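Data block for final_6.csv (CSV, C-alpha atoms and all ligand atoms):
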chain,number,residue,atom,x,y,z
L,13,MET,CA,148.8,26.0,4.0
L,14,LYS,CA,152.1,24.2,3.8
L,15,HIS,CA,153.9,22.8,6.8
L,16,ILE,CA,157.7,23.0,6.8
L,17,LYS,CA,159.3,20.8,9.5
L,18,LEU,CA,163.0,20.7,10.3
L,19,ALA,CA,164.0,17.4,11.7
L,20,ASN,CA,166.9,15.1,12.2
L,21,VAL,CA,167.6,12.9,15.3
L,22,LYS,CA,171.2,13.9,14.9
L,23,GLY,CA,172.0,17.0,16.9
L,24,GLY,CA,173.8,20.0,15.5
L,25,THR,CA,173.0,19.4,11.8
L,26,GLY,CA,171.4,22.9,11.3
L,27,LYS,CA,167.7,22.4,12.0
L,28,THR,CA,167.4,25.6,14.1
L,29,SER,CA,169.6,27.7,11.9
L,30,ILE,CA,167.6,26.7,8.8
L,31,ALA,CA,164.3,27.1,10.6
L,32,CYS,CA,165.3,30.7,11.5
L,33,SER,CA,166.6,31.4,8.0
L,34,ILE,CA,163.4,30.1,6.4
L,35,ALA,CA,161.3,32.1,8.8
L,36,GLU,CA,163.3,35.2,8.1
L,37,TYR,CA,163.2,34.7,4.3
L,38,LEU,CA,159.5,33.9,4.0
L,39,HIS,CA,158.7,36.8,6.3
L,40,ALA,CA,160.9,39.1,4.1
L,41,ILE,CA,159.0,38.2,0.9
L,42,GLY,CA,155.7,38.9,2.6
L,43,LYS,CA,154.5,35.4,3.5
L,44,LYS,CA,152.5,34.9,6.7
L,45,ILE,CA,154.2,32.2,8.8
L,46,GLU,CA,153.2,30.5,12.0
L,47,CYS,CA,156.3,29.4,14.0
L,48,HIS,CA,156.5,26.4,16.4
L,49,ASP,CA,159.4,25.2,18.5
L,50,TYR,CA,159.2,21.5,19.5
L,51,ASP,CA,162.7,21.7,21.0
L,52,ASN,CA,161.9,22.3,24.7
L,53,VAL,CA,165.5,21.7,25.7
L,54,ALA,CA,167.1,24.5,23.7
L,55,SER,CA,164.3,26.8,22.4
L,56,HIS,CA,166.5,28.8,20.2
L,57,PHE,CA,164.0,29.1,17.4
L,58,LYS,CA,161.4,30.5,19.8
L,59,MET,CA,164.1,32.9,21.1
L,60,PHE,CA,164.9,34.0,17.6
L,61,ILE,CA,161.2,34.6,16.8
L,62,ASP,CA,160.7,36.5,20.1
L,63,GLU,CA,163.6,38.8,19.3
L,64,SER,CA,162.6,39.4,15.7
L,65,ALA,CA,159.7,41.4,14.3
L,66,ILE,CA,157.9,38.3,13.1
L,67,ASP,CA,154.4,37.7,14.5
L,68,PRO,CA,154.5,33.9,15.3
L,69,ARG,CA,150.7,33.5,15.1
L,70,PRO,CA,149.3,35.5,12.2
L,71,ALA,CA,145.8,34.9,10.9
L,72,ASN,CA,145.5,32.7,7.9
L,73,PRO,CA,149.2,31.7,7.6
L,74,ASP,CA,150.7,30.6,4.3
L,75,PHE,CA,153.2,28.4,6.1
L,76,THR,CA,153.9,26.8,9.4
L,77,ILE,CA,157.6,26.4,10.3
L,78,THR,CA,158.5,23.9,13.0
L,79,ASP,CA,161.9,23.3,14.6
L,80,THR,CA,162.3,20.0,16.4
L,81,ILE,CA,164.6,18.4,18.9
L,82,GLY,CA,167.7,16.3,17.8
L,83,ALA,CA,166.4,13.1,19.4
L,84,LEU,CA,163.9,10.4,18.5
L,85,THR,CA,160.9,11.0,20.8
L,86,ASN,CA,157.3,10.1,20.6
L,87,ASP,CA,156.4,13.8,20.3
L,88,LEU,CA,158.7,14.0,17.2
L,89,LEU,CA,157.1,11.0,15.6
L,90,ASP,CA,153.6,12.3,16.3
L,91,LEU,CA,154.5,15.7,14.8
L,92,LEU,CA,156.1,14.1,11.7
L,93,SER,CA,153.0,11.9,11.2
L,94,THR,CA,150.6,14.8,11.4
L,95,ASP,CA,149.2,16.7,8.3
L,96,VAL,CA,151.4,14.4,6.2
L,97,GLU,CA,149.8,15.5,2.9
L,98,ASP,CA,150.6,19.1,3.3
L,99,SER,CA,153.9,18.7,5.0
L,100,ILE,CA,157.5,18.7,3.9
L,101,ILE,CA,160.2,17.6,6.3
L,102,ILE,CA,163.6,19.2,5.7
L,103,VAL,CA,166.4,17.0,7.1
L,104,PRO,CA,169.7,18.9,7.3
L,105,CYS,CA,172.9,16.8,7.2
L,106,SER,CA,176.5,17.8,7.0
L,107,CYS,CA,179.1,15.6,5.2
L,108,SER,CA,180.6,14.2,8.4
L,109,ASP,CA,180.5,10.4,8.8
L,110,SER,CA,178.4,10.6,11.9
L,111,ASP,CA,175.8,12.9,10.4
L,112,ILE,CA,175.6,10.7,7.3
L,113,ASN,CA,175.2,7.5,9.2
L,114,THR,CA,172.5,8.8,11.6
L,115,THR,CA,170.7,10.6,8.7
L,116,LEU,CA,170.6,7.3,6.7
L,117,LYS,CA,168.9,5.5,9.5
L,118,PHE,CA,166.5,8.4,10.2
L,119,ALA,CA,165.7,8.7,6.4
L,120,ARG,CA,164.8,4.9,6.4
L,121,ASN,CA,162.4,5.5,9.3
L,122,LEU,CA,160.8,8.5,7.4
L,123,LYS,CA,160.3,6.3,4.4
L,124,ARG,CA,158.5,3.7,6.6
L,125,LEU,CA,156.3,6.5,7.9
L,126,ARG,CA,155.5,7.4,4.3
L,127,VAL,CA,156.0,11.1,4.9
L,128,ASN,CA,157.4,13.7,2.4
L,129,PHE,CA,160.9,14.6,3.2
L,130,ILE,CA,164.1,15.8,1.7
L,131,VAL,CA,167.7,15.7,2.9
L,132,VAL,CA,169.5,19.0,2.6
L,133,ILE,CA,173.3,18.9,2.7
L,134,ASN,CA,174.4,21.7,5.0
L,135,LYS,CA,177.7,23.4,5.9
L,136,VAL,CA,179.4,22.9,2.5
L,137,SER,CA,182.4,25.1,2.2
L,138,GLY,CA,183.3,26.7,-1.2
L,139,LEU,CA,186.4,24.6,-1.4
L,140,SER,CA,186.4,22.2,-4.4
L,141,HIS,CA,187.1,19.1,-2.3
L,142,SER,CA,184.2,20.0,0.0
L,143,VAL,CA,181.8,20.4,-2.9
L,144,ALA,CA,183.0,17.2,-4.4
L,145,LYS,CA,182.4,15.4,-1.1
L,146,ALA,CA,178.8,16.9,-1.0
L,147,VAL,CA,178.2,15.6,-4.6
L,148,LYS,CA,179.3,12.2,-3.5
L,149,VAL,CA,177.1,12.2,-0.4
L,150,ARG,CA,174.1,13.3,-2.5
L,151,GLU,CA,174.7,10.4,-4.9
L,152,GLN,CA,175.1,8.0,-1.9
L,153,PHE,CA,171.7,8.9,-0.6
L,154,ARG,CA,170.0,8.9,-4.1
L,155,SER,CA,171.4,5.5,-4.9
L,156,ILE,CA,169.2,4.1,-2.2
L,157,ASP,CA,166.2,6.2,-3.1
L,158,ILE,CA,166.5,8.8,-0.4
L,159,PRO,CA,165.4,12.2,-1.7
L,160,VAL,CA,168.2,14.9,-1.5
L,161,SER,CA,168.0,18.5,-2.6
L,162,ASP,CA,169.9,19.4,-5.7
L,163,TYR,CA,171.2,22.4,-3.8
L,164,PHE,CA,173.7,22.6,-0.9
L,165,LEU,CA,173.6,25.1,1.9
L,166,PRO,CA,177.0,26.8,2.2
L,167,TYR,CA,179.1,26.9,5.3
L,168,THR,CA,178.4,30.4,6.6
L,169,PRO,CA,180.3,31.6,9.7
L,170,SER,CA,177.8,34.5,10.2
L,171,ILE,CA,175.1,31.9,10.9
L,172,GLU,CA,176.5,32.0,14.5
L,173,ASN,CA,174.7,35.3,14.8
L,174,ILE,CA,171.4,33.9,13.8
L,175,ALA,CA,169.6,36.0,16.5
L,176,SER,CA,170.7,39.1,14.8
L,177,GLY,CA,169.1,38.0,11.5
L,178,SER,CA,172.3,38.2,9.6
L,179,ILE,CA,172.2,35.0,7.5
L,180,LEU,CA,170.3,36.4,4.6
L,181,ARG,CA,172.9,39.0,4.1
L,182,ASN,CA,175.0,36.1,2.8
L,183,ASN,CA,174.0,35.9,-0.8
L,184,GLY,CA,175.3,32.4,-1.3
L,185,PHE,CA,173.2,31.1,1.6
L,186,LYS,CA,170.1,33.1,0.6
L,187,HIS,CA,170.2,31.9,-3.0
L,188,ALA,CA,170.6,28.3,-2.0
L,189,LEU,CA,167.8,28.6,0.5
L,190,GLU,CA,165.5,30.2,-2.1
L,191,ALA,CA,166.3,27.3,-4.5
L,192,ILE,CA,165.5,24.7,-1.9
L,193,LEU,CA,162.3,26.4,-0.9
L,194,LEU,CA,161.2,26.5,-4.6
L,195,GLU,CA,162.1,22.8,-4.8
L,196,VAL,CA,160.1,21.8,-1.7
L,197,THR,CA,157.0,24.0,-2.2
L,198,ASN,CA,156.8,23.4,-6.0
L,199,GLY,CA,157.1,27.1,-6.6
Y,201,LIG,N1,175.4,26.5,7.1
Y,201,LIG,C1,176.1,26.7,8.2
Y,201,LIG,N2,177.3,27.3,8.2
Y,201,LIG,C2,178.0,27.5,9.4
Y,201,LIG,N3,177.6,27.1,10.6
Y,201,LIG,C3,176.4,26.4,10.6
Y,201,LIG,C4,175.6,26.2,9.5
Y,201,LIG,N4,174.4,25.6,9.9
Y,201,LIG,C5,174.6,25.4,11.2
Y,201,LIG,N5,175.7,25.9,11.7
Y,201,LIG,C6,176.2,25.9,13.0
Y,201,LIG,O1,176.2,24.6,13.5
Y,201,LIG,C7,175.8,24.5,14.9
Y,201,LIG,C8,174.5,23.7,15.0
Y,201,LIG,O2,173.5,24.3,14.3
Y,201,LIG,P1,172.0,24.3,14.8
Y,201,LIG,O3,171.9,24.7,16.2
Y,201,LIG,O4,171.1,25.0,13.8
Y,201,LIG,O5,171.7,22.7,14.7
Y,201,LIG,P2,170.5,21.9,15.3
Y,201,LIG,O6,170.3,20.8,14.3
Y,201,LIG,O7,169.3,22.8,15.5
Y,201,LIG,O8,171.1,21.4,16.7
Y,201,LIG,P3,170.3,20.7,17.9
Y,201,LIG,O9,170.0,19.3,17.4
Y,201,LIG,O10,171.2,20.8,19.0
Y,201,LIG,O11,169.0,21.5,18.1
Y,201,LIG,C9,175.6,26.0,15.3
Y,201,LIG,O12,176.8,26.4,15.9
Y,201,LIG,C10,175.3,26.7,14.0
Y,201,LIG,O13,175.7,28.0,14.1
Y,202,MG,MG,168.2,23.1,17.3
Is it possible to express this structure as structure tokens?
Ligand SMILES: Nc1ncnc2c1ncn2[C@@H]1O[C@H](COP(=O)(O)OP(=O)(O)OP(=O)(O)O)[C@@H](O)[C@H]1O
Ligand SMILES: [Mg+2]
Amino acid sequence: MKHIKLANVKGGTGKTSIACSIAEYLHAIGKKIECHDYDNVASHFKMFIDESAIDPRPANPDFTITDTIGALTNDLLDLLSTDVEDSIIIVPCSCSDSDINTTLKFARNLKRLRVNFIVVINKVSGLSHSVAKAVKVREQFRSIDIPVSDYFLPYTPSIENIASGSILRNNGFKHALEAILLEVTNG
């Protein structure tokens, strides 16, 4: 069983949206997923699961998916330090300066914890300057040995309707998510 954990101490980077999309996607391709929401302040992931047809506690799950709070808490550190061998922490980050700066600090902490993680650049619009900026940010992280996905998640307005399960109808988002999941689960 593989554990997928969405984490970034910066709020609003896309943890919950991506947790919901991954849950929806893996469920759609027939994987059994166990869902956990560690964000007690805004339990949107739990709300999404409650409203969907996904059983959050199936027998013998293939994956667990955990959404977390956008703050550095002891609970978060405990969670990230558990089942380290079988876990991948997905760290969403947009190309805003504040996201980048906080994510750099958080990524350094994750390296010290010796956990498997990957930064995923989120909210990249299709405009050429936006893609160019994302490429630059990816290089900035990689130049200091911070793992970053090859793929960017596109800016997708319909993500606002996450509860209605509309994200995967956006092919650009779905394909990028598929590529990222292949990358982090080694196929
Ligand atoms: N790829 C995307 N395209 C467009 N909007 C996005 C995308 N990803 C996230 N958003 C939007 O950004 C906002 C923050 O996303 P989300 O709630 O998933 O972040 P979060 O990291 O879980 O935040 P928090 O730390 O508050 O829990 C939401 O309004 C969401 O709809
Ligand atoms: Mg959230």
Practice prompt. Please write out the residues within 8 Å of ligand LIG 201 (chain Y) as a PyMOL selection string, counting all atoms listed in the file.
Written response: chain L and resi 19-31+51+54+56+79-83+104+134-136+165-174+185
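Residue nearest ligand MG 202 (chain Y), chosen from L:Ser155, L:Asn86, L:Thr114, L:Ser55 and counting only C-alpha atoms and all ligand atoms: L:Ser55.
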Item to complete: Work out how far apart atom CA of Lys43 of chain L and atom CA of Leu18 of chain L are and give it in Å to one decimal.
Response: 18.3 Å
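Reported to one decimal place, the separation of atom CA of His187 of chain L from atom CA of Asn113 of chain L is 27.7 Å.
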Item to complete: For the point (174.6, 24.0, -0.6) in the file's frame, write as a ChimeraX atom specification all residues with an atom no more than 12 Å away, counting all atoms listed in the file.
Response: /L:104-107,131-139,142-147,150,160-168,183-192
Response to the item:
note - atom CA of Ile77 of chain L and atom CA of Asp111 of chain L are separated by 22.7 Å
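Every protein or nucleic acid residue with an atom no more than 12 Å from Arg124 of chain L, counting all atoms listed in the file and leaving out same-chain residues fewer than 5 positions away, appears here: Leu89, Leu92, Ser93, Lys117, Phe118, Ala119, Phe129 and Ile158 of chain L.
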Worksheet item: Nearest to ligand MG 202 (chain Y) among L:Cys32, L:Leu84, L:Ile41, L:Ala71, with distances taken over all atoms listed in the file: which residue is it?
Response: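 Selected residue with least distance to ligand MG 202 (chain Y): L:Cys32.
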Worksheet entry | Pick from L:Ile61, L:Ile112, L:Lys17, L:Ile101, whichever lies nearest to Arg126 of chain L using all atoms listed in the file |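 Looking only at the distances to Arg126 of chain L, the closest residue turns out to be L:Ile101.
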Worksheet, complete the sentence: Between L:Val96, L:Val53, L:Ala35, L:Leu194, smallest distance to ligand MG 202 (chain Y) by all atoms listed in the file belongs to L:Val53
Output as a PDB file, in the frame of the given file: segment 66-96 of chain L, completed with N, CA and C atoms.
ATOM      1  N   ILE L  66     158.884  39.234  13.738  1.00  0.00           N
ATOM      2  CA  ILE L  66     157.900  38.300  13.100  1.00  0.00           C
ATOM      3  C   ILE L  66     156.833  37.937  14.126  1.00  0.00           C
ATOM      4  N   ASP L  67     155.581  38.118  13.694  1.00  0.00           N
ATOM      5  CA  ASP L  67     154.400  37.700  14.500  1.00  0.00           C
ATOM      6  C   ASP L  67     154.323  36.168  14.357  1.00  0.00           C
ATOM      7  N   PRO L  68     154.525  35.396  15.430  1.00  0.00           N
ATOM      8  CA  PRO L  68     154.500  33.900  15.300  1.00  0.00           C
ATOM      9  C   PRO L  68     153.170  33.309  15.049  1.00  0.00           C
ATOM     10  N   ARG L  69     152.093  34.080  15.245  1.00  0.00           N
ATOM     11  CA  ARG L  69     150.700  33.500  15.100  1.00  0.00           C
ATOM     12  C   ARG L  69     149.823  34.433  14.295  1.00  0.00           C
ATOM     13  N   PRO L  70     150.145  34.669  13.022  1.00  0.00           N
ATOM     14  CA  PRO L  70     149.300  35.500  12.200  1.00  0.00           C
ATOM     15  C   PRO L  70     147.999  34.809  11.830  1.00  0.00           C
ATOM     16  N   ALA L  71     146.982  35.582  11.432  1.00  0.00           N
ATOM     17  CA  ALA L  71     145.800  34.900  10.900  1.00  0.00           C
ATOM     18  C   ALA L  71     146.028  34.379   9.542  1.00  0.00           C
ATOM     19  N   ASN L  72     145.409  33.298   9.221  1.00  0.00           N
ATOM     20  CA  ASN L  72     145.500  32.700   7.900  1.00  0.00           C
ATOM     21  C   ASN L  72     146.967  32.543   7.384  1.00  0.00           C
ATOM     22  N   PRO L  73     147.814  31.845   8.094  1.00  0.00           N
ATOM     23  CA  PRO L  73     149.200  31.700   7.600  1.00  0.00           C
ATOM     24  C   PRO L  73     149.341  30.983   6.322  1.00  0.00           C
ATOM     25  N   ASP L  74     150.375  31.338   5.547  1.00  0.00           N
ATOM     26  CA  ASP L  74     150.700  30.600   4.300  1.00  0.00           C
ATOM     27  C   ASP L  74     151.483  29.340   4.638  1.00  0.00           C
ATOM     28  N   PHE L  75     152.312  29.459   5.676  1.00  0.00           N
ATOM     29  CA  PHE L  75     153.200  28.400   6.100  1.00  0.00           C
ATOM     30  C   PHE L  75     153.235  28.221   7.574  1.00  0.00           C
ATOM     31  N   THR L  76     153.440  26.983   8.047  1.00  0.00           N
ATOM     32  CA  THR L  76     153.900  26.800   9.400  1.00  0.00           C
ATOM     33  C   THR L  76     155.372  26.365   9.307  1.00  0.00           C
ATOM     34  N   ILE L  77     156.178  26.802  10.242  1.00  0.00           N
ATOM     35  CA  ILE L  77     157.600  26.400  10.300  1.00  0.00           C
ATOM     36  C   ILE L  77     157.802  25.776  11.686  1.00  0.00           C
ATOM     37  N   THR L  78     158.265  24.544  11.731  1.00  0.00           N
ATOM     38  CA  THR L  78     158.500  23.900  13.000  1.00  0.00           C
ATOM     39  C   THR L  78     159.879  23.393  13.166  1.00  0.00           C
ATOM     40  N   ASP L  79     160.522  23.816  14.240  1.00  0.00           N
ATOM     41  CA  ASP L  79     161.900  23.300  14.600  1.00  0.00           C
ATOM     42  C   ASP L  79     161.671  22.178  15.577  1.00  0.00           C
ATOM     43  N   THR L  80     162.529  21.174  15.530  1.00  0.00           N
ATOM     44  CA  THR L  80     162.300  20.000  16.400  1.00  0.00           C
ATOM     45  C   THR L  80     163.646  19.685  17.153  1.00  0.00           C
ATOM     46  N   ILE L  81     163.506  18.766  18.090  1.00  0.00           N
ATOM     47  CA  ILE L  81     164.600  18.400  18.900  1.00  0.00           C
ATOM     48  C   ILE L  81     165.481  17.307  18.188  1.00  0.00           C
ATOM     49  N   GLY L  82     166.793  17.309  18.462  1.00  0.00           N
ATOM     50  CA  GLY L  82     167.700  16.300  17.800  1.00  0.00           C
ATOM     51  C   GLY L  82     167.701  15.006  18.531  1.00  0.00           C
ATOM     52  N   ALA L  83     166.539  14.397  18.688  1.00  0.00           N
ATOM     53  CA  ALA L  83     166.400  13.100  19.400  1.00  0.00           C
ATOM     54  C   ALA L  83     165.133  12.449  18.944  1.00  0.00           C
ATOM     55  N   LEU L  84     165.133  11.119  18.938  1.00  0.00           N
ATOM     56  CA  LEU L  84     163.900  10.400  18.500  1.00  0.00           C
ATOM     57  C   LEU L  84     162.978  10.278  19.717  1.00  0.00           C
ATOM     58  N   THR L  85     161.911  11.063  19.705  1.00  0.00           N
ATOM     59  CA  THR L  85     160.900  11.000  20.800  1.00  0.00           C
ATOM     60  C   THR L  85     159.561  10.745  20.232  1.00  0.00           C
ATOM     61  N   ASN L  86     158.650  10.337  21.107  1.00  0.00           N
ATOM     62  CA  ASN L  86     157.300  10.100  20.600  1.00  0.00           C
ATOM     63  C   ASN L  86     156.662  11.385  20.104  1.00  0.00           C
ATOM     64  N   ASP L  87     156.964  12.502  20.760  1.00  0.00           N
ATOM     65  CA  ASP L  87     156.400  13.800  20.300  1.00  0.00           C
ATOM     66  C   ASP L  87     156.886  14.074  18.863  1.00  0.00           C
ATOM     67  N   LEU L  88     158.160  13.766  18.592  1.00  0.00           N
ATOM     68  CA  LEU L  88     158.700  14.000  17.200  1.00  0.00           C
ATOM     69  C   LEU L  88     157.940  13.137  16.236  1.00  0.00           C
ATOM     70  N   LEU L  89     157.790  11.862  16.561  1.00  0.00           N
ATOM     71  CA  LEU L  89     157.100  11.000  15.600  1.00  0.00           C
ATOM     72  C   LEU L  89     155.664  11.415  15.399  1.00  0.00           C
ATOM     73  N   ASP L  90     154.990  11.855  16.471  1.00  0.00           N
ATOM     74  CA  ASP L  90     153.600  12.300  16.300  1.00  0.00           C
ATOM     75  C   ASP L  90     153.578  13.551  15.382  1.00  0.00           C
ATOM     76  N   LEU L  91     154.496  14.483  15.630  1.00  0.00           N
ATOM     77  CA  LEU L  91     154.500  15.700  14.800  1.00  0.00           C
ATOM     78  C   LEU L  91     154.764  15.349  13.332  1.00  0.00           C
ATOM     79  N   LEU L  92     155.722  14.444  13.098  1.00  0.00           N
ATOM     80  CA  LEU L  92     156.100  14.100  11.700  1.00  0.00           C
ATOM     81  C   LEU L  92     154.953  13.347  11.016  1.00  0.00           C
ATOM     82  N   SER L  93     154.103  12.698  11.813  1.00  0.00           N
ATOM     83  CA  SER L  93     153.000  11.900  11.200  1.00  0.00           C
ATOM     84  C   SER L  93     151.713  12.713  11.097  1.00  0.00           C
ATOM     85  N   THR L  94     151.752  13.978  11.459  1.00  0.00           N
ATOM     86  CA  THR L  94     150.600  14.800  11.400  1.00  0.00           C
ATOM     87  C   THR L  94     150.557  15.674  10.119  1.00  0.00           C
ATOM     88  N   ASP L  95     149.367  15.893   9.537  1.00  0.00           N
ATOM     89  CA  ASP L  95     149.200  16.700   8.300  1.00  0.00           C
ATOM     90  C   ASP L  95     150.204  16.288   7.223  1.00  0.00           C
ATOM     91  N   VAL L  96     150.342  14.991   7.075  1.00  0.00           N
ATOM     92  CA  VAL L  96     151.400  14.400   6.200  1.00  0.00           C
ATOM     93  C   VAL L  96     151.242  14.966   4.743  1.00  0.00           C
TER      94      VAL L  96
END
